[in-house]
$ cat final19.cif   # mmCIF, C-alpha atoms
data_query
#
loop_
_atom_site.group_PDB
_atom_site.id
_atom_site.type_symbol
_atom_site.label_atom_id
_atom_site.label_comp_id
_atom_site.auth_asym_id
_atom_site.auth_seq_id
_atom_site.Cartn_x
_atom_site.Cartn_y
_atom_site.Cartn_z
ATOM 1 C CA MET A 1 51.481 135.888 115.164
ATOM 2 C CA THR A 2 55.026 137.212 115.158
ATOM 3 C CA ALA A 3 57.898 134.846 115.818
ATOM 4 C CA LEU A 4 59.535 134.913 119.224
ATOM 5 C CA GLN A 5 62.905 136.573 119.577
ATOM 6 C CA VAL A 6 65.395 136.646 122.426
ATOM 7 C CA ILE A 7 66.645 139.931 123.854
ATOM 8 C CA GLU A 8 69.291 140.569 126.485
ATOM 9 C CA LEU A 9 68.615 143.063 129.266
ATOM 10 C CA PHE A 10 70.901 144.392 131.970
ATOM 11 C CA ALA A 11 70.035 142.554 135.205
ATOM 12 C CA GLY A 12 72.618 144.056 137.563
ATOM 13 C CA THR A 13 76.221 143.329 138.468
ATOM 14 C CA ASN A 14 77.835 140.213 139.884
ATOM 15 C CA PRO A 15 80.003 140.233 143.056
ATOM 16 C CA ASP A 16 83.033 141.141 140.912
ATOM 17 C CA GLY A 17 81.235 144.220 139.597
ATOM 18 C CA GLU A 18 80.786 142.797 136.092
ATOM 19 C CA PRO A 19 77.484 143.393 134.297
ATOM 20 C CA VAL A 20 75.000 140.518 134.205
ATOM 21 C CA VAL A 21 72.399 140.176 131.458
ATOM 22 C CA GLU A 22 69.229 138.104 131.420
ATOM 23 C CA ARG A 23 67.964 136.611 128.174
ATOM 24 C CA LEU A 24 64.203 137.004 127.703
ATOM 25 C CA GLN A 25 61.830 135.699 125.050
ATOM 26 C CA VAL A 26 59.718 138.452 123.514
ATOM 27 C CA ARG A 27 57.346 139.189 120.671
ATOM 28 C CA VAL A 28 58.633 142.214 118.768
ATOM 29 C CA ASN A 29 55.849 144.632 117.811
ATOM 30 C CA GLU A 30 55.719 146.705 114.621
ATOM 31 C CA ASP A 31 56.927 149.795 116.503
ATOM 32 C CA ASP A 32 59.985 147.839 117.768
ATOM 33 C CA SER A 33 58.607 147.612 121.299
ATOM 34 C CA CYS A 34 58.749 144.115 122.832
ATOM 35 C CA GLN A 35 56.126 142.124 124.721
ATOM 36 C CA LEU A 36 57.496 139.731 127.339
ATOM 37 C CA VAL A 37 56.454 136.103 126.952
ATOM 38 C CA ARG A 38 57.550 135.164 130.501
ATOM 39 C CA SER A 39 58.339 136.980 133.710
ATOM 40 C CA PRO A 40 62.066 137.491 134.258
ATOM 41 C CA ALA A 41 63.977 135.770 137.042
ATOM 42 C CA PHE A 42 66.279 138.640 137.991
ATOM 43 C CA ILE A 43 65.174 141.854 136.298
ATOM 44 C CA LYS A 44 62.882 143.787 138.592
ATOM 45 C CA GLY A 45 59.879 145.913 137.684
ATOM 46 C CA ILE A 46 58.421 143.912 134.768
ATOM 47 C CA ALA A 47 56.333 140.768 134.230
ATOM 48 C CA SER A 48 54.984 138.485 131.540
ATOM 49 C CA GLY A 49 52.828 140.338 129.015
ATOM 50 C CA ASP A 50 54.352 143.746 129.749
ATOM 51 C CA THR A 51 55.468 145.817 126.767
ATOM 52 C CA ILE A 52 58.908 147.419 126.952
ATOM 53 C CA ARG A 53 61.202 149.424 124.706
ATOM 54 C CA VAL A 54 64.847 148.359 124.785
ATOM 55 C CA ASP A 55 67.882 150.604 124.413
ATOM 56 C CA LYS A 56 70.181 148.313 122.442
ATOM 57 C CA ASP A 57 73.272 150.299 123.460
ATOM 58 C CA ASP A 58 73.077 149.794 127.221
ATOM 59 C CA GLN A 59 70.593 146.867 127.376
ATOM 60 C CA LYS A 60 68.305 148.851 129.659
ATOM 61 C CA PHE A 61 64.574 149.183 129.089
ATOM 62 C CA GLU A 62 61.677 151.560 129.400
ATOM 63 C CA LEU A 63 58.245 150.244 130.383
ATOM 64 C CA VAL A 64 55.622 151.069 127.747
ATOM 65 C CA LYS A 65 52.541 149.216 129.045
ATOM 66 C CA ARG A 66 51.750 146.883 131.942
ATOM 67 C CA SER A 67 49.832 143.651 131.381
ATOM 68 C CA GLY A 68 48.483 143.484 134.933
ATOM 69 C CA ASN A 69 50.544 140.395 135.733
ATOM 70 C CA LEU A 70 52.540 139.990 138.913
ATOM 71 C CA ALA A 71 55.978 138.399 138.626
ATOM 72 C CA ILE A 72 56.673 136.011 141.515
ATOM 73 C CA ARG A 73 60.092 134.510 142.186
ATOM 74 C CA VAL A 74 60.539 131.566 144.527
ATOM 75 C CA PHE A 75 64.090 130.718 145.622
ATOM 76 C CA CYS A 76 64.842 127.270 147.075
ATOM 77 C CA ARG A 77 67.795 125.960 149.097
ATOM 78 C CA GLY A 78 67.276 122.451 147.764
ATOM 79 C CA ASP A 79 65.540 120.956 144.747
ATOM 80 C CA SER A 80 62.466 122.982 143.733
ATOM 81 C CA THR A 81 60.491 120.018 142.322
ATOM 82 C CA GLU A 82 58.496 119.249 145.463
ATOM 83 C CA LEU A 83 57.682 122.919 146.003
ATOM 84 C CA SER A 84 56.641 123.292 142.371
ATOM 85 C CA ASP A 85 54.356 120.257 142.727
ATOM 86 C CA ARG A 86 52.636 121.989 145.674
ATOM 87 C CA LEU A 87 52.530 125.555 144.355
ATOM 88 C CA THR A 88 51.941 125.239 140.626
ATOM 89 C CA PRO A 89 48.476 123.576 140.693
ATOM 90 C CA GLN A 90 47.187 126.121 143.245
ATOM 91 C CA LEU A 91 48.439 129.111 141.255
ATOM 92 C CA GLU A 92 47.243 127.607 137.958
ATOM 93 C CA LYS A 93 43.723 127.345 139.444
ATOM 94 C CA LEU A 94 43.817 131.154 139.720
ATOM 95 C CA GLY A 95 45.057 131.483 136.130
ATOM 96 C CA GLY A 96 48.738 131.719 137.050
ATOM 97 C CA GLU A 97 51.533 130.225 134.972
ATOM 98 C CA LEU A 98 54.874 128.656 135.822
ATOM 99 C CA ASP A 99 57.235 130.625 133.565
ATOM 100 C CA MET A 100 60.521 129.067 134.614
ATOM 101 C CA GLU A 101 61.653 126.108 136.671
ATOM 102 C CA THR A 102 65.278 125.426 137.572
ATOM 103 C CA PRO A 103 66.586 123.275 140.461
ATOM 104 C CA ARG A 104 66.645 126.289 142.817
ATOM 105 C CA LEU A 105 64.261 128.806 141.275
ATOM 106 C CA LEU A 106 60.615 129.006 140.234
ATOM 107 C CA VAL A 107 59.154 132.008 138.398
ATOM 108 C CA TYR A 108 55.393 132.520 138.137
ATOM 109 C CA SER A 109 53.133 135.079 136.468
ATOM 110 C CA ILE A 110 49.643 135.676 137.795
ATOM 111 C CA HIS A 111 47.176 138.499 137.178
ATOM 112 C CA VAL A 112 46.878 141.051 139.975
ATOM 113 C CA SER A 113 43.064 140.751 139.905
ATOM 114 C CA CYS A 114 43.426 137.353 141.659
ATOM 115 C CA GLY A 115 44.131 139.367 144.794
ATOM 116 C CA PHE A 116 47.308 139.885 146.789
ATOM 117 C CA ASP A 117 45.821 138.181 149.882
ATOM 118 C CA LYS A 118 44.882 134.995 148.051
ATOM 119 C CA ILE A 119 48.224 134.797 146.206
ATOM 120 C CA GLU A 120 50.266 135.488 149.354
ATOM 121 C CA GLN A 121 48.289 132.909 151.345
ATOM 122 C CA ILE A 122 49.212 130.203 148.790
ATOM 123 C CA LEU A 123 52.874 131.257 148.685
ATOM 124 C CA ASN A 124 53.207 131.558 152.471
ATOM 125 C CA SER A 125 51.616 128.139 153.011
ATOM 126 C CA ALA A 126 54.176 126.508 150.694
ATOM 127 C CA CYS A 127 57.350 128.513 151.465
ATOM 128 C CA ASP A 128 58.760 128.083 154.959
ATOM 129 C CA GLY A 129 61.218 130.990 154.879
ATOM 130 C CA ALA A 130 64.163 128.734 155.806
ATOM 131 C CA ASN A 131 64.367 126.418 152.794
ATOM 132 C CA SER A 132 62.341 128.537 150.402
ATOM 133 C CA VAL A 133 61.431 132.217 150.122
ATOM 134 C CA TRP A 134 59.345 134.141 147.617
ATOM 135 C CA TYR A 135 59.438 137.720 146.323
ATOM 136 C CA TYR A 136 57.400 139.814 143.960
ATOM 137 C CA GLY A 137 59.451 140.901 140.976
ATOM 138 C CA ASN A 138 57.409 143.952 140.007
ATOM 139 C CA VAL A 139 55.546 145.237 143.076
ATOM 140 C CA TYR A 140 58.243 147.329 144.775
ATOM 141 C CA ASP A 141 60.506 150.049 143.442
ATOM 142 C CA PRO A 142 63.714 148.336 142.258
ATOM 143 C CA LYS A 143 65.769 151.184 143.757
ATOM 144 C CA ASP A 144 64.800 150.581 147.401
ATOM 145 C CA GLY A 145 62.882 147.288 147.290
ATOM 146 C CA GLN A 146 60.230 148.673 149.667
ATOM 147 C CA THR A 147 58.188 151.437 148.063
ATOM 148 C CA PRO A 148 55.103 149.960 146.365
ATOM 149 C CA LEU A 149 54.914 150.888 142.680
ATOM 150 C CA ASN A 150 51.081 150.958 142.914
ATOM 151 C CA TRP A 151 50.623 150.335 139.172
ATOM 152 C CA TRP A 152 47.775 147.947 140.030
ATOM 153 C CA GLN A 153 45.547 150.704 141.495
ATOM 154 C CA ASP A 154 44.123 151.625 138.081
ATOM 155 C CA ILE A 155 43.663 147.981 137.066
ATOM 156 C CA LEU A 156 41.779 147.101 140.254
ATOM 157 C CA LYS A 157 39.614 150.233 140.280
ATOM 158 C CA PRO A 158 35.899 149.422 139.954
ATOM 159 C CA GLU A 159 34.531 150.662 136.620
#

$ encode --input "final19.cif" --output "structure tokens"
Amino acid sequence: MTALQVIELFAGTNPDGEPVVERLQVRVNEDDSCQLVRSPAFIKGIASGDTIRVDKDDQKFELVKRSGNLAIRVFCRGDSTELSDRLTPQLEKLGGELDMETPRLLVYSIHVSCGFDKIEQILNSACDGANSVWYYGNVYDPKDGQTPLNWWQDILKPE
């Protein structure tokens, strides 16, 4: 098993227009591609287990292979502990993992084969929209935030 390394990827710009990077733990493969150990909090389009190739000059990435995991980000107005106590056991029952927990943010990874309906039902029952909201991190095109990427079609296709 290769040792974990930390890479920095471009995550966008802050209100002052300065670049923001997110640090992610990865396993570096022999061909220099990187496999994500956790889903990112801010970088859109990728999730835990995905393999990417990083351009070290501009800290941008190219997706090499999807793992089939959905990245789910839950933002909280107040402390996220209570919400995590409600959500985490339900998502873990489906094989999901809590990748990151901060006072105002929870990040989960869960395989798409668990079903969008089931996952969304759990998230909607726990998040009230006023004090907490959730978003997929890798379901919609990062450019417009609305166009489904549809990468899961091949994964969910009956054999």

$ closest_residue --input "final19.cif" --among "A:Asp16, A:Glu101, A:Glu22, A:Asp144" --to "Glu82 (chain A)" --atoms "all atoms listed in the file"
A:Glu101

$ atom_distance --input "final19.cif" --atom1 "CA of Thr102 (chain A)" --atom2 "CA of Asn138 (chain A)"
20.3 Å

$ closest_residue --input "final19.cif" --among "A:Val64, A:Val6, A:Asn14, A:Pro19" --to "Asp31 (chain A)" --atoms "all atoms listed in the file"
A:Val64

$ residues_around --input "final19.cif" --residues "Trp151 (chain A)" --least-positions-apart "6" --cutoff "10 Å" --atoms "all atoms listed in the file" --output "list in words"
Arg66, Gly68, Asn138, Val139 and Tyr140 of chain A

$ resolve_selection --input "final19.cif" --expression "the PyMOL selection byres ((chain A and resi 39) around 6)" --output "ChimeraX atom specification"
/A:38,40,47-48,71

$ resolve_selection --input "final19.cif" --expression "the PyMOL selection byres ((chain A and resi 113) around 12)" --output "ChimeraX atom specification"
/A:67-70,94-96,110-112,114-119,152-158

$ resolve_selection --input "final19.cif" --expression "the PyMOL selection byres ((chain A and resi 7) around 8)" --output "list in words"
Gln5, Val6, Glu8, Leu9, Arg23, Leu24, Gln25 and Val26 of chain A

$ atom_distance --input "final19.cif" --atom1 "CA of Ile46 (chain A)" --atom2 "CA of Glu97 (chain A)"
15.3 Å

$ closest_residue --input "final19.cif" --among "A:Val74, A:Ile52, A:Leu63, A:Val37" --to "Tyr135 (chain A)" --atoms "all atoms listed in the file"
A:Val74

$ atom_distance --input "final19.cif" --atom1 "CA of Leu83 (chain A)" --atom2 "CA of Leu106 (chain A)"
8.9 Å

$ closest_residue --input "final19.cif" --among "A:Ile72, A:Ala41, A:Val133, A:Leu36" --to "Tyr108 (chain A)" --atoms "all atoms listed in the file"
A:Ile72

$ closest_residue --input "final19.cif" --among "A:Gln146, A:Thr51, A:Gln90, A:Gln35" --to "Ala3 (chain A)" --atoms "all atoms listed in the file"
A:Gln35

$ closest_residue --input "final19.cif" --among "A:Asn150, A:Thr81, A:Lys143, A:Asp55" --to "Gly12 (chain A)" --atoms "only C-alpha atoms"
A:Lys143

$ residues_around --input "final19.cif" --residues "Ser132 (chain A)" --least-positions-apart "6" --cutoff "12 Å" --atoms "all atoms listed in the file" --output "ChimeraX atom specification"
/A:73-84,87,104-106,123-126

$ decode --input "final19.cif" --residues "region 23-55 of chain A" --atoms "N, CA and C atoms" --output "short mmCIF file (atom, residue, chain, number, x, y, z; two decimals), in the first residue's frame"
data_model
loop_
_atom_site.label_atom_id
_atom_site.label_comp_id
_atom_site.auth_asym_id
_atom_site.auth_seq_id
_atom_site.Cartn_x
_atom_site.Cartn_y
_atom_site.Cartn_z
N ARG A 23 -6.56 21.33 0.12
CA ARG A 23 -5.58 20.26 0.32
C ARG A 23 -6.32 18.93 0.43
N LEU A 24 -5.90 17.95 -0.37
CA LEU A 24 -6.56 16.65 -0.40
C LEU A 24 -5.56 15.52 -0.19
N GLN A 25 -5.95 14.53 0.61
CA GLN A 25 -5.13 13.34 0.78
C GLN A 25 -5.35 12.41 -0.40
N VAL A 26 -4.25 11.89 -0.94
CA VAL A 26 -4.33 11.00 -2.10
C VAL A 26 -3.33 9.87 -1.96
N ARG A 27 -3.58 8.81 -2.72
CA ARG A 27 -2.58 7.77 -2.95
C ARG A 27 -2.03 8.04 -4.34
N VAL A 28 -0.72 8.16 -4.46
CA VAL A 28 -0.11 8.42 -5.76
C VAL A 28 0.18 7.08 -6.42
N ASN A 29 -0.34 6.90 -7.64
CA ASN A 29 -0.13 5.66 -8.39
C ASN A 29 1.20 5.70 -9.13
N GLU A 30 1.61 4.54 -9.65
CA GLU A 30 2.90 4.45 -10.35
C GLU A 30 2.98 5.39 -11.55
N ASP A 31 1.83 5.64 -12.20
CA ASP A 31 1.85 6.51 -13.38
C ASP A 31 1.67 7.99 -13.01
N ASP A 32 1.84 8.30 -11.72
CA ASP A 32 1.72 9.67 -11.20
C ASP A 32 0.29 10.18 -11.10
N SER A 33 -0.69 9.35 -11.48
CA SER A 33 -2.07 9.77 -11.23
C SER A 33 -2.32 9.62 -9.73
N CYS A 34 -3.39 10.24 -9.23
CA CYS A 34 -3.67 10.25 -7.80
C CYS A 34 -5.09 9.74 -7.55
N GLN A 35 -5.24 8.90 -6.52
CA GLN A 35 -6.56 8.43 -6.13
C GLN A 35 -6.96 9.15 -4.85
N LEU A 36 -8.14 9.79 -4.89
CA LEU A 36 -8.62 10.54 -3.72
C LEU A 36 -8.99 9.60 -2.58
N VAL A 37 -8.60 9.96 -1.38
CA VAL A 37 -8.92 9.17 -0.20
C VAL A 37 -10.24 9.64 0.40
N ARG A 38 -10.57 10.93 0.22
CA ARG A 38 -11.83 11.50 0.71
C ARG A 38 -12.42 12.40 -0.37
N SER A 39 -13.72 12.64 -0.24
CA SER A 39 -14.35 13.60 -1.15
C SER A 39 -13.97 15.01 -0.71
N PRO A 40 -13.74 15.90 -1.68
CA PRO A 40 -13.38 17.27 -1.33
C PRO A 40 -14.58 18.07 -0.81
N ALA A 41 -14.28 19.12 -0.08
CA ALA A 41 -15.33 19.99 0.45
C ALA A 41 -15.76 21.03 -0.58
N PHE A 42 -14.81 21.53 -1.36
CA PHE A 42 -15.12 22.68 -2.22
C PHE A 42 -14.89 22.42 -3.71
N ILE A 43 -14.03 21.50 -4.05
CA ILE A 43 -13.75 21.23 -5.46
C ILE A 43 -14.88 20.38 -6.02
N LYS A 44 -15.46 20.86 -7.10
CA LYS A 44 -16.61 20.16 -7.68
C LYS A 44 -16.17 19.16 -8.74
N GLY A 45 -17.00 18.13 -8.95
CA GLY A 45 -16.78 17.20 -10.04
C GLY A 45 -16.07 15.90 -9.69
N ILE A 46 -15.53 15.79 -8.45
CA ILE A 46 -14.80 14.58 -8.08
C ILE A 46 -15.22 14.11 -6.70
N ALA A 47 -14.95 12.82 -6.41
CA ALA A 47 -15.33 12.23 -5.12
C ALA A 47 -14.27 11.23 -4.67
N SER A 48 -14.42 10.78 -3.46
CA SER A 48 -13.54 9.78 -2.88
C SER A 48 -13.39 8.58 -3.81
N GLY A 49 -12.16 8.11 -3.98
CA GLY A 49 -11.91 6.95 -4.83
C GLY A 49 -11.65 7.27 -6.28
N ASP A 50 -12.02 8.48 -6.71
CA ASP A 50 -11.76 8.88 -8.10
C ASP A 50 -10.25 9.00 -8.33
N THR A 51 -9.84 8.73 -9.56
CA THR A 51 -8.44 8.89 -9.95
C THR A 51 -8.33 10.12 -10.83
N ILE A 52 -7.37 10.99 -10.47
CA ILE A 52 -7.17 12.23 -11.23
C ILE A 52 -5.69 12.38 -11.59
N ARG A 53 -5.45 13.23 -12.56
CA ARG A 53 -4.08 13.61 -12.92
C ARG A 53 -3.98 15.11 -12.68
N VAL A 54 -2.95 15.51 -11.95
CA VAL A 54 -2.82 16.91 -11.53
C VAL A 54 -1.77 17.63 -12.36
N ASP A 55 -2.12 18.83 -12.82
CA ASP A 55 -1.15 19.71 -13.46
C ASP A 55 -0.51 20.53 -12.35
#
